[in-house]
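Asker: The following file, target_4.txt, comprises compact mmCIF, N, CA and C atoms:
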```txt
# COMPACT_ATOMS: atom_id res chain seq x y z
N GLN A 189 -29.03 -22.87 10.45
CA GLN A 189 -28.44 -22.18 9.31
C GLN A 189 -27.99 -20.78 9.76
N VAL A 190 -26.86 -20.37 9.29
CA VAL A 190 -26.35 -19.04 9.61
C VAL A 190 -25.88 -18.40 8.32
N GLN A 191 -26.12 -17.12 8.20
CA GLN A 191 -25.67 -16.36 7.04
C GLN A 191 -24.53 -15.44 7.47
N LEU A 192 -23.53 -15.35 6.62
CA LEU A 192 -22.36 -14.55 6.91
C LEU A 192 -22.19 -13.49 5.82
N VAL A 193 -21.96 -12.26 6.25
CA VAL A 193 -21.78 -11.16 5.30
C VAL A 193 -20.51 -10.41 5.67
N GLU A 194 -19.56 -10.40 4.74
CA GLU A 194 -18.31 -9.68 4.94
C GLU A 194 -18.43 -8.24 4.46
N SER A 195 -17.66 -7.37 5.06
CA SER A 195 -17.59 -5.98 4.62
C SER A 195 -16.24 -5.42 5.01
N GLY A 196 -15.92 -4.25 4.47
CA GLY A 196 -14.69 -3.57 4.84
C GLY A 196 -13.56 -3.68 3.85
N GLY A 197 -13.77 -4.44 2.79
CA GLY A 197 -12.73 -4.54 1.78
C GLY A 197 -12.59 -3.26 0.98
N GLY A 198 -11.55 -3.21 0.17
CA GLY A 198 -11.34 -2.03 -0.66
C GLY A 198 -9.95 -1.98 -1.21
N LEU A 199 -9.59 -0.80 -1.72
CA LEU A 199 -8.28 -0.56 -2.30
C LEU A 199 -7.44 0.24 -1.32
N VAL A 200 -6.23 -0.23 -1.06
CA VAL A 200 -5.34 0.44 -0.12
C VAL A 200 -3.91 0.35 -0.63
N GLN A 201 -3.11 1.33 -0.29
CA GLN A 201 -1.71 1.30 -0.69
C GLN A 201 -0.92 0.36 0.22
N ALA A 202 0.16 -0.15 -0.31
CA ALA A 202 1.05 -1.00 0.49
C ALA A 202 1.47 -0.24 1.76
N GLY A 203 1.46 -0.98 2.86
CA GLY A 203 1.77 -0.38 4.16
C GLY A 203 0.55 0.12 4.90
N GLY A 204 -0.58 0.17 4.22
CA GLY A 204 -1.80 0.66 4.83
C GLY A 204 -2.53 -0.42 5.62
N SER A 205 -3.71 -0.04 6.10
CA SER A 205 -4.50 -0.94 6.95
C SER A 205 -5.95 -0.99 6.48
N LEU A 206 -6.58 -2.10 6.77
CA LEU A 206 -8.01 -2.28 6.58
C LEU A 206 -8.54 -3.14 7.72
N ARG A 207 -9.81 -2.96 8.03
CA ARG A 207 -10.46 -3.84 8.99
C ARG A 207 -11.67 -4.47 8.32
N LEU A 208 -11.64 -5.78 8.22
CA LEU A 208 -12.76 -6.51 7.67
C LEU A 208 -13.71 -6.92 8.80
N SER A 209 -14.97 -6.94 8.47
CA SER A 209 -15.99 -7.40 9.41
C SER A 209 -16.78 -8.53 8.78
N CYS A 210 -17.26 -9.41 9.62
CA CYS A 210 -18.12 -10.51 9.17
C CYS A 210 -19.29 -10.60 10.14
N ALA A 211 -20.45 -10.25 9.66
CA ALA A 211 -21.64 -10.26 10.49
C ALA A 211 -22.44 -11.53 10.26
N ALA A 212 -22.81 -12.18 11.34
CA ALA A 212 -23.59 -13.41 11.26
C ALA A 212 -25.04 -13.14 11.60
N SER A 213 -25.92 -13.80 10.87
CA SER A 213 -27.35 -13.71 11.15
C SER A 213 -27.96 -15.09 10.98
N GLY A 214 -29.20 -15.20 11.42
CA GLY A 214 -29.85 -16.50 11.36
C GLY A 214 -29.69 -17.21 12.69
N ARG A 215 -29.25 -18.44 12.67
CA ARG A 215 -29.13 -19.23 13.88
C ARG A 215 -27.83 -18.90 14.61
N THR A 216 -27.83 -17.75 15.25
CA THR A 216 -26.61 -17.29 15.92
C THR A 216 -26.57 -17.72 17.38
N ASP A 217 -27.55 -18.55 17.81
CA ASP A 217 -27.51 -19.03 19.18
C ASP A 217 -26.47 -20.13 19.36
N SER A 218 -26.04 -20.71 18.26
CA SER A 218 -24.99 -21.72 18.34
C SER A 218 -23.64 -21.05 18.52
N ARG A 219 -22.72 -21.82 19.04
CA ARG A 219 -21.40 -21.28 19.34
C ARG A 219 -20.44 -21.65 18.22
N TYR A 220 -20.24 -20.71 17.31
CA TYR A 220 -19.41 -20.97 16.15
C TYR A 220 -17.98 -20.48 16.34
N ALA A 221 -17.04 -21.31 15.98
CA ALA A 221 -15.69 -20.81 15.76
C ALA A 221 -15.68 -20.17 14.39
N MET A 222 -14.82 -19.19 14.20
CA MET A 222 -14.83 -18.43 12.95
C MET A 222 -13.45 -18.40 12.33
N GLY A 223 -13.43 -18.36 11.02
CA GLY A 223 -12.17 -18.27 10.32
C GLY A 223 -12.24 -17.28 9.17
N TRP A 224 -11.07 -16.82 8.78
CA TRP A 224 -10.92 -16.00 7.57
C TRP A 224 -10.02 -16.77 6.60
N PHE A 225 -10.43 -16.79 5.36
CA PHE A 225 -9.66 -17.38 4.28
C PHE A 225 -9.56 -16.36 3.16
N ARG A 226 -8.66 -16.58 2.23
CA ARG A 226 -8.56 -15.68 1.09
C ARG A 226 -8.20 -16.47 -0.15
N GLN A 227 -8.57 -15.88 -1.28
CA GLN A 227 -8.26 -16.51 -2.56
C GLN A 227 -7.83 -15.43 -3.53
N ALA A 228 -6.60 -15.55 -3.99
CA ALA A 228 -6.07 -14.65 -5.00
C ALA A 228 -6.36 -15.22 -6.38
N PRO A 229 -6.38 -14.38 -7.41
CA PRO A 229 -6.65 -14.87 -8.76
C PRO A 229 -5.69 -15.98 -9.16
N GLY A 230 -6.24 -17.07 -9.65
CA GLY A 230 -5.42 -18.17 -10.13
C GLY A 230 -4.80 -19.03 -9.05
N LYS A 231 -5.18 -18.77 -7.80
CA LYS A 231 -4.60 -19.54 -6.69
C LYS A 231 -5.69 -20.25 -5.90
N GLU A 232 -5.25 -21.23 -5.11
CA GLU A 232 -6.16 -21.93 -4.23
C GLU A 232 -6.55 -21.03 -3.05
N ARG A 233 -7.72 -21.32 -2.49
CA ARG A 233 -8.11 -20.59 -1.29
C ARG A 233 -7.20 -21.01 -0.14
N GLU A 234 -6.79 -20.05 0.67
CA GLU A 234 -5.85 -20.35 1.74
C GLU A 234 -6.33 -19.77 3.07
N PHE A 235 -5.90 -20.42 4.12
CA PHE A 235 -6.23 -20.00 5.48
C PHE A 235 -5.51 -18.71 5.83
N VAL A 236 -6.21 -17.84 6.57
CA VAL A 236 -5.61 -16.59 7.04
C VAL A 236 -5.56 -16.57 8.57
N ALA A 237 -6.73 -16.73 9.22
CA ALA A 237 -6.79 -16.65 10.67
C ALA A 237 -8.07 -17.32 11.16
N ALA A 238 -8.07 -17.72 12.43
CA ALA A 238 -9.25 -18.32 13.01
C ALA A 238 -9.31 -18.00 14.49
N ILE A 239 -10.53 -18.09 15.05
CA ILE A 239 -10.73 -17.80 16.46
C ILE A 239 -11.82 -18.71 16.99
N THR A 240 -11.63 -19.20 18.21
CA THR A 240 -12.64 -20.05 18.82
C THR A 240 -13.84 -19.23 19.26
N TRP A 241 -14.93 -19.89 19.62
CA TRP A 241 -16.12 -19.15 20.00
C TRP A 241 -15.86 -18.25 21.20
N SER A 242 -15.09 -18.76 22.16
CA SER A 242 -14.83 -17.97 23.36
C SER A 242 -13.82 -16.86 23.12
N GLY A 243 -13.08 -16.96 22.02
CA GLY A 243 -12.04 -15.98 21.74
C GLY A 243 -10.74 -16.28 22.44
N SER A 244 -10.68 -17.40 23.16
CA SER A 244 -9.49 -17.69 23.95
C SER A 244 -8.33 -18.22 23.12
N ARG A 245 -8.65 -18.74 21.94
CA ARG A 245 -7.58 -19.24 21.08
C ARG A 245 -7.70 -18.60 19.70
N THR A 246 -6.56 -18.19 19.18
CA THR A 246 -6.49 -17.65 17.82
C THR A 246 -5.37 -18.36 17.06
N TYR A 247 -5.52 -18.38 15.75
CA TYR A 247 -4.58 -19.07 14.88
C TYR A 247 -4.33 -18.18 13.66
N TYR A 248 -3.09 -18.21 13.19
CA TYR A 248 -2.73 -17.37 12.05
C TYR A 248 -1.85 -18.13 11.07
N ALA A 249 -2.01 -17.80 9.81
CA ALA A 249 -1.07 -18.26 8.81
C ALA A 249 0.26 -17.55 9.04
N ASP A 250 1.34 -18.23 8.74
CA ASP A 250 2.66 -17.63 8.94
C ASP A 250 2.80 -16.32 8.16
N SER A 251 2.17 -16.25 7.01
CA SER A 251 2.32 -15.08 6.14
C SER A 251 1.69 -13.82 6.71
N VAL A 252 0.82 -13.97 7.71
CA VAL A 252 0.14 -12.78 8.25
C VAL A 252 0.44 -12.56 9.73
N LYS A 253 1.17 -13.46 10.36
CA LYS A 253 1.48 -13.31 11.78
C LYS A 253 2.20 -12.00 12.03
N GLY A 254 1.76 -11.31 13.07
CA GLY A 254 2.35 -10.02 13.40
C GLY A 254 1.77 -8.85 12.65
N ARG A 255 0.99 -9.12 11.61
CA ARG A 255 0.37 -8.03 10.83
C ARG A 255 -1.15 -8.03 10.94
N PHE A 256 -1.74 -9.21 11.02
CA PHE A 256 -3.21 -9.33 11.09
C PHE A 256 -3.63 -9.76 12.49
N THR A 257 -4.81 -9.31 12.90
CA THR A 257 -5.37 -9.70 14.18
C THR A 257 -6.84 -10.05 14.01
N ILE A 258 -7.21 -11.23 14.46
CA ILE A 258 -8.61 -11.64 14.42
C ILE A 258 -9.22 -11.44 15.81
N SER A 259 -10.46 -10.98 15.82
CA SER A 259 -11.15 -10.77 17.09
C SER A 259 -12.65 -10.96 16.85
N ARG A 260 -13.41 -10.97 17.92
CA ARG A 260 -14.85 -11.15 17.75
C ARG A 260 -15.61 -10.45 18.87
N ASP A 261 -16.83 -10.10 18.56
CA ASP A 261 -17.75 -9.53 19.52
C ASP A 261 -19.01 -10.37 19.45
N ASN A 262 -19.16 -11.30 20.38
CA ASN A 262 -20.30 -12.23 20.31
C ASN A 262 -21.63 -11.53 20.56
N ALA A 263 -21.60 -10.43 21.28
CA ALA A 263 -22.85 -9.68 21.50
C ALA A 263 -23.37 -9.09 20.20
N LYS A 264 -22.46 -8.82 19.28
CA LYS A 264 -22.84 -8.26 17.98
C LYS A 264 -22.82 -9.31 16.88
N ASN A 265 -22.50 -10.55 17.23
CA ASN A 265 -22.41 -11.63 16.23
C ASN A 265 -21.49 -11.23 15.07
N THR A 266 -20.36 -10.67 15.41
CA THR A 266 -19.45 -10.15 14.40
C THR A 266 -18.02 -10.57 14.72
N VAL A 267 -17.30 -10.93 13.68
CA VAL A 267 -15.87 -11.22 13.79
C VAL A 267 -15.13 -10.23 12.91
N TYR A 268 -13.94 -9.86 13.34
CA TYR A 268 -13.16 -8.85 12.66
C TYR A 268 -11.79 -9.40 12.24
N LEU A 269 -11.25 -8.78 11.22
CA LEU A 269 -9.88 -9.06 10.83
C LEU A 269 -9.20 -7.71 10.61
N GLN A 270 -8.36 -7.33 11.56
CA GLN A 270 -7.59 -6.10 11.42
C GLN A 270 -6.33 -6.43 10.65
N MET A 271 -6.14 -5.74 9.54
CA MET A 271 -5.00 -6.02 8.66
C MET A 271 -4.12 -4.79 8.60
N ASN A 272 -2.91 -4.90 9.08
CA ASN A 272 -1.94 -3.81 9.07
C ASN A 272 -0.76 -4.16 8.19
N SER A 273 0.01 -3.16 7.85
CA SER A 273 1.21 -3.37 7.03
C SER A 273 0.90 -4.22 5.81
N LEU A 274 -0.14 -3.85 5.12
CA LEU A 274 -0.58 -4.65 3.97
C LEU A 274 0.44 -4.64 2.85
N LYS A 275 0.50 -5.77 2.16
CA LYS A 275 1.43 -5.97 1.06
C LYS A 275 0.64 -6.29 -0.21
N PRO A 276 1.21 -6.04 -1.37
CA PRO A 276 0.50 -6.40 -2.61
C PRO A 276 0.11 -7.87 -2.66
N GLU A 277 0.89 -8.74 -2.04
CA GLU A 277 0.57 -10.17 -2.06
C GLU A 277 -0.61 -10.52 -1.15
N ASP A 278 -1.12 -9.55 -0.39
CA ASP A 278 -2.34 -9.77 0.40
C ASP A 278 -3.60 -9.56 -0.45
N THR A 279 -3.42 -9.11 -1.68
CA THR A 279 -4.56 -8.90 -2.57
C THR A 279 -5.29 -10.21 -2.81
N ALA A 280 -6.58 -10.22 -2.54
CA ALA A 280 -7.38 -11.44 -2.67
C ALA A 280 -8.83 -11.12 -2.32
N VAL A 281 -9.69 -12.07 -2.58
CA VAL A 281 -11.03 -12.04 -2.02
C VAL A 281 -10.96 -12.73 -0.66
N TYR A 282 -11.46 -12.05 0.35
CA TYR A 282 -11.41 -12.56 1.71
C TYR A 282 -12.79 -13.09 2.11
N TYR A 283 -12.78 -14.31 2.62
CA TYR A 283 -14.02 -14.97 3.03
C TYR A 283 -14.00 -15.25 4.52
N CYS A 284 -15.13 -15.07 5.17
CA CYS A 284 -15.24 -15.57 6.53
C CYS A 284 -16.05 -16.86 6.51
N ALA A 285 -15.82 -17.68 7.51
CA ALA A 285 -16.45 -18.99 7.58
C ALA A 285 -16.74 -19.34 9.04
N ALA A 286 -17.76 -20.16 9.24
CA ALA A 286 -18.18 -20.54 10.59
C ALA A 286 -18.10 -22.05 10.76
N ASP A 287 -17.58 -22.45 11.90
CA ASP A 287 -17.47 -23.87 12.24
C ASP A 287 -18.39 -24.16 13.42
N SER A 288 -19.29 -25.13 13.26
CA SER A 288 -20.33 -25.37 14.26
C SER A 288 -19.80 -25.91 15.58
N TRP A 289 -18.60 -26.48 15.60
CA TRP A 289 -18.08 -27.05 16.84
C TRP A 289 -17.74 -25.96 17.86
N GLY A 290 -17.35 -24.80 17.37
CA GLY A 290 -17.04 -23.72 18.30
C GLY A 290 -15.59 -23.69 18.75
N TYR A 291 -14.85 -24.74 18.47
CA TYR A 291 -13.44 -24.79 18.86
C TYR A 291 -12.71 -25.68 17.88
N PHE A 292 -11.39 -25.72 18.01
CA PHE A 292 -10.56 -26.56 17.15
C PHE A 292 -9.68 -27.45 18.02
N ASN A 293 -9.64 -28.71 17.71
CA ASN A 293 -8.78 -29.62 18.47
C ASN A 293 -7.31 -29.35 18.20
N THR A 294 -7.02 -28.98 16.98
CA THR A 294 -5.63 -28.74 16.60
C THR A 294 -5.56 -27.51 15.71
N GLU A 295 -4.37 -27.00 15.55
CA GLU A 295 -4.19 -25.88 14.62
C GLU A 295 -4.52 -26.31 13.20
N SER A 296 -4.22 -27.53 12.88
CA SER A 296 -4.53 -28.04 11.55
C SER A 296 -6.02 -28.00 11.28
N ASP A 297 -6.82 -28.28 12.31
CA ASP A 297 -8.26 -28.20 12.16
C ASP A 297 -8.68 -26.78 11.82
N ALA A 298 -8.11 -25.83 12.53
CA ALA A 298 -8.46 -24.42 12.30
C ALA A 298 -8.13 -24.00 10.87
N MET A 299 -7.09 -24.56 10.32
CA MET A 299 -6.61 -24.18 9.00
C MET A 299 -7.31 -24.93 7.86
N ASN A 300 -8.10 -25.92 8.22
CA ASN A 300 -8.72 -26.79 7.22
C ASN A 300 -10.08 -26.24 6.80
N GLU A 301 -10.20 -25.79 5.57
CA GLU A 301 -11.45 -25.17 5.13
C GLU A 301 -12.60 -26.16 5.15
N HIS A 302 -12.31 -27.44 5.09
CA HIS A 302 -13.39 -28.44 5.08
C HIS A 302 -14.03 -28.61 6.46
N LYS A 303 -13.43 -28.02 7.49
CA LYS A 303 -14.02 -28.07 8.83
C LYS A 303 -15.15 -27.05 8.99
N TYR A 304 -15.23 -26.12 8.10
CA TYR A 304 -16.18 -25.02 8.25
C TYR A 304 -17.49 -25.35 7.55
N ASP A 305 -18.57 -24.94 8.17
CA ASP A 305 -19.90 -25.31 7.68
C ASP A 305 -20.58 -24.22 6.86
N TYR A 306 -20.25 -22.98 7.14
CA TYR A 306 -20.92 -21.86 6.47
C TYR A 306 -19.87 -20.87 5.98
N TRP A 307 -20.19 -20.26 4.83
CA TRP A 307 -19.27 -19.33 4.20
C TRP A 307 -20.01 -18.08 3.76
N GLY A 308 -19.27 -16.95 3.83
CA GLY A 308 -19.79 -15.73 3.26
C GLY A 308 -19.47 -15.64 1.79
N GLN A 309 -19.89 -14.53 1.17
CA GLN A 309 -19.69 -14.34 -0.26
C GLN A 309 -18.34 -13.72 -0.58
N GLY A 310 -17.69 -13.17 0.41
CA GLY A 310 -16.37 -12.62 0.19
C GLY A 310 -16.36 -11.12 -0.01
N THR A 311 -15.22 -10.52 0.29
CA THR A 311 -15.01 -9.10 0.06
C THR A 311 -13.62 -8.92 -0.53
N GLN A 312 -13.53 -8.06 -1.55
CA GLN A 312 -12.28 -7.88 -2.27
C GLN A 312 -11.35 -6.94 -1.51
N VAL A 313 -10.11 -7.35 -1.38
CA VAL A 313 -9.05 -6.51 -0.84
C VAL A 313 -7.97 -6.39 -1.90
N THR A 314 -7.66 -5.15 -2.27
CA THR A 314 -6.64 -4.90 -3.27
C THR A 314 -5.59 -3.98 -2.67
N VAL A 315 -4.34 -4.42 -2.70
CA VAL A 315 -3.24 -3.64 -2.15
C VAL A 315 -2.33 -3.22 -3.30
N SER A 316 -2.21 -1.93 -3.51
CA SER A 316 -1.40 -1.41 -4.61
C SER A 316 0.02 -1.14 -4.11
N SER A 317 0.97 -1.32 -5.03
CA SER A 317 2.39 -1.12 -4.66
C SER A 317 2.81 0.32 -4.90
```
For the structure just supplied, provide its representation as structure tokens.
Answerer:
Amino acid sequence: QVQLVESGGGLVQAGGSLRLSCAASGRTDSRYAMGWFRQAPGKEREFVAAITWSGSRTYYADSVKGRFTISRDNAKNTVYLQMNSLKPEDTAVYYCAADSWGYFNTESDAMNEHKYDYWGQGTQVTVSS
């Protein structure tokens, strides 16, 4: 079992930046791939970014490519989401998730929320225009 806690959300103006963190605790000896998802009010949860356990592969939704960067520090059991050039449409609750396999066979796997075994409680990101 692993527990995930997100932090770093908040209110920011359009064009600004935020860095989200997701700290893992519990059974962190396993090699988890990690993902970020988001859910805006009245919308389905959607994929944002993912990273393999080794950090060698990253995946992004088209809507955030070139603006968001996912990274991880396995020594600290933490994954990050650097968000730049934020837009009002980025407003959502952001969730991190852990996948026990540690890698993804395909990009579709990385984007599939049902592949993930553990989820955090989420952190609110609000981008004002």
Asker: Mind the document's chain letters and residue numbers, and return as a PyMOL selection string the residues of chain A that DSSP labels strand (DSSP E or B).
Answerer: chain A and resi 190-195+198-201+206-214+221-227+234-239+246-248+256-261+266-271+280-287+306-307+311-316
Asker: Looking at A:Ser213, A:Thr240, A:Ile258, A:Gln227, which one is nearest to Asp278 of chain A, with distances taken over only N, CA and C atoms?
Answerer: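 Once distances to Asp278 of chain A are computed over only N, CA and C atoms, the minimum belongs to A:Gln227.
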Asker: Do you have the atom CA of His302 of chain A-atom CA of Arg226 of chain A distance handy?
Answerer: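 One can read the atom CA of His302 of chain A to atom CA of Arg226 of chain A distance as 14.2 Å.
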Asker: I need the residue nearest Ala221 of chain A from this list: A:Met271, A:Ile239, A:Ala202, A:Val313. Use only C-alpha atoms for the distance.
Answerer: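 Ranked by minimum distance to Ala221 of chain A, first place goes to A:Ile239.
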Asker: Give the helix (DSSP H, G or I) residues of segment 190-302 of chain A, as assigned by DSSP on the backbone, as a list in words.
Answerer: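 Across segment 190-302 of chain A, those assigned helix (DSSP H, G or I) are Pro276, Glu277, Asp278, Glu295, Ser296, Asp297, Ala298, Met299, Glu301 and His302 of chain A.
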Asker: From the set A:Thr294, A:Thr266, A:Gln309, A:Thr314, which residue has the shortest atom-to-atom contact distance to Leu192 of chain A, counting all atoms listed in the file?
Answerer: A:Gln309
Asker: Find the residues near Ser205 of chain A: any atom within 9 Å, counting only C-alpha atoms, skip ones fewer than 4 places away on the same chain, and give them as a list of chain:residue names.
Answerer: A:Val200, A:Gln201, A:Gln270, A:Met271, A:Asn272, A:Ser273, A:Leu274
Asker: Please indicate the distance in Å from atom N of Gly308 of chain A to atom CA of Glu295 of chain A, rounded to one decimal place.
Answerer: 20.6 Å
Asker: What gap, in Å, lies between atom CA of Ser244 of chain A and atom C of Asn293 of chain A?
Answerer: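 That distance, rounded to one decimal, is 13.2 Å.
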Asker: My list of candidates is A:Phe256, A:Asp297, A:Gly243, A:Ser209. Which is closest to Cys284 of chain A when distances are computed with all atoms listed in the file?
Answerer: A:Ser209
Asker: Using only C-alpha atoms, which of A:Gly310, A:Ser218, A:Glu301, A:Ser316 sits nearest Trp289 of chain A?
Answerer: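 Ranking A:Gly310, A:Ser218, A:Glu301, A:Ser316 by distance to Trp289 of chain A, first place goes to A:Ser218.
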Asker: Could you pull the residues within 6 Å of segment 222-224 of chain A, counting only N, CA and C atoms, minus those fewer than 5 positions along the same chain, as an MDAnalysis selection string?
Answerer: chainID A and resid 234:241 283:287
Asker: In the coordinate frame of the file, compute which residues have an atom within 7 Å of (-12.9, -7.4, -2.2) when using all atoms listed in the file, and state them as a tab-separated table (two decimals) with N, CA and C atoms, in the frame of the given file.
Answerer:
```tsv
chain	number	residue	atom	x	y	z
A	197	GLY	N	-13.77	-4.44	2.79
A	197	GLY	CA	-12.73	-4.54	1.78
A	197	GLY	C	-12.59	-3.26	0.98
A	198	GLY	N	-11.55	-3.21	0.17
A	198	GLY	CA	-11.34	-2.03	-0.66
A	198	GLY	C	-9.95	-1.98	-1.21
A	280	ALA	N	-6.58	-10.22	-2.54
A	280	ALA	CA	-7.38	-11.44	-2.67
A	280	ALA	C	-8.83	-11.12	-2.32
A	281	VAL	N	-9.69	-12.07	-2.58
A	281	VAL	CA	-11.03	-12.04	-2.02
A	281	VAL	C	-10.96	-12.73	-0.66
A	282	TYR	N	-11.46	-12.05	0.35
A	282	TYR	CA	-11.41	-12.56	1.71
A	282	TYR	C	-12.79	-13.09	2.11
A	310	GLY	N	-17.69	-13.17	0.41
A	310	GLY	CA	-16.37	-12.62	0.19
A	310	GLY	C	-16.36	-11.12	-0.01
A	311	THR	N	-15.22	-10.52	0.29
A	311	THR	CA	-15.01	-9.10	0.06
A	311	THR	C	-13.62	-8.92	-0.53
A	312	GLN	N	-13.53	-8.06	-1.55
A	312	GLN	CA	-12.28	-7.88	-2.27
A	312	GLN	C	-11.35	-6.94	-1.51
A	313	VAL	N	-10.11	-7.35	-1.38
A	313	VAL	CA	-9.05	-6.51	-0.84
A	313	VAL	C	-7.97	-6.39	-1.90
A	314	THR	N	-7.66	-5.15	-2.27
A	314	THR	CA	-6.64	-4.90	-3.27
A	314	THR	C	-5.59	-3.98	-2.67
```
Asker: When you look at Asn262 of chain A with a cut-off of 10 Å (counting only C-alpha atoms), what residues show up, excluding the ones that are within fewer than 3 positions of it in the same chain? I need them as a VMD selection string.
Answerer: chain A and resid 212 216 to 217 219 to 220 241 to 243 259 265 to 267
Asker: Pick the closest to Trp307 of chain A from A:Glu232, A:Glu194, A:Asp250, A:Asp261: which is it, counting only C-alpha atoms?
Answerer: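 Closest residue, counting only C-alpha atoms: A:Glu194.
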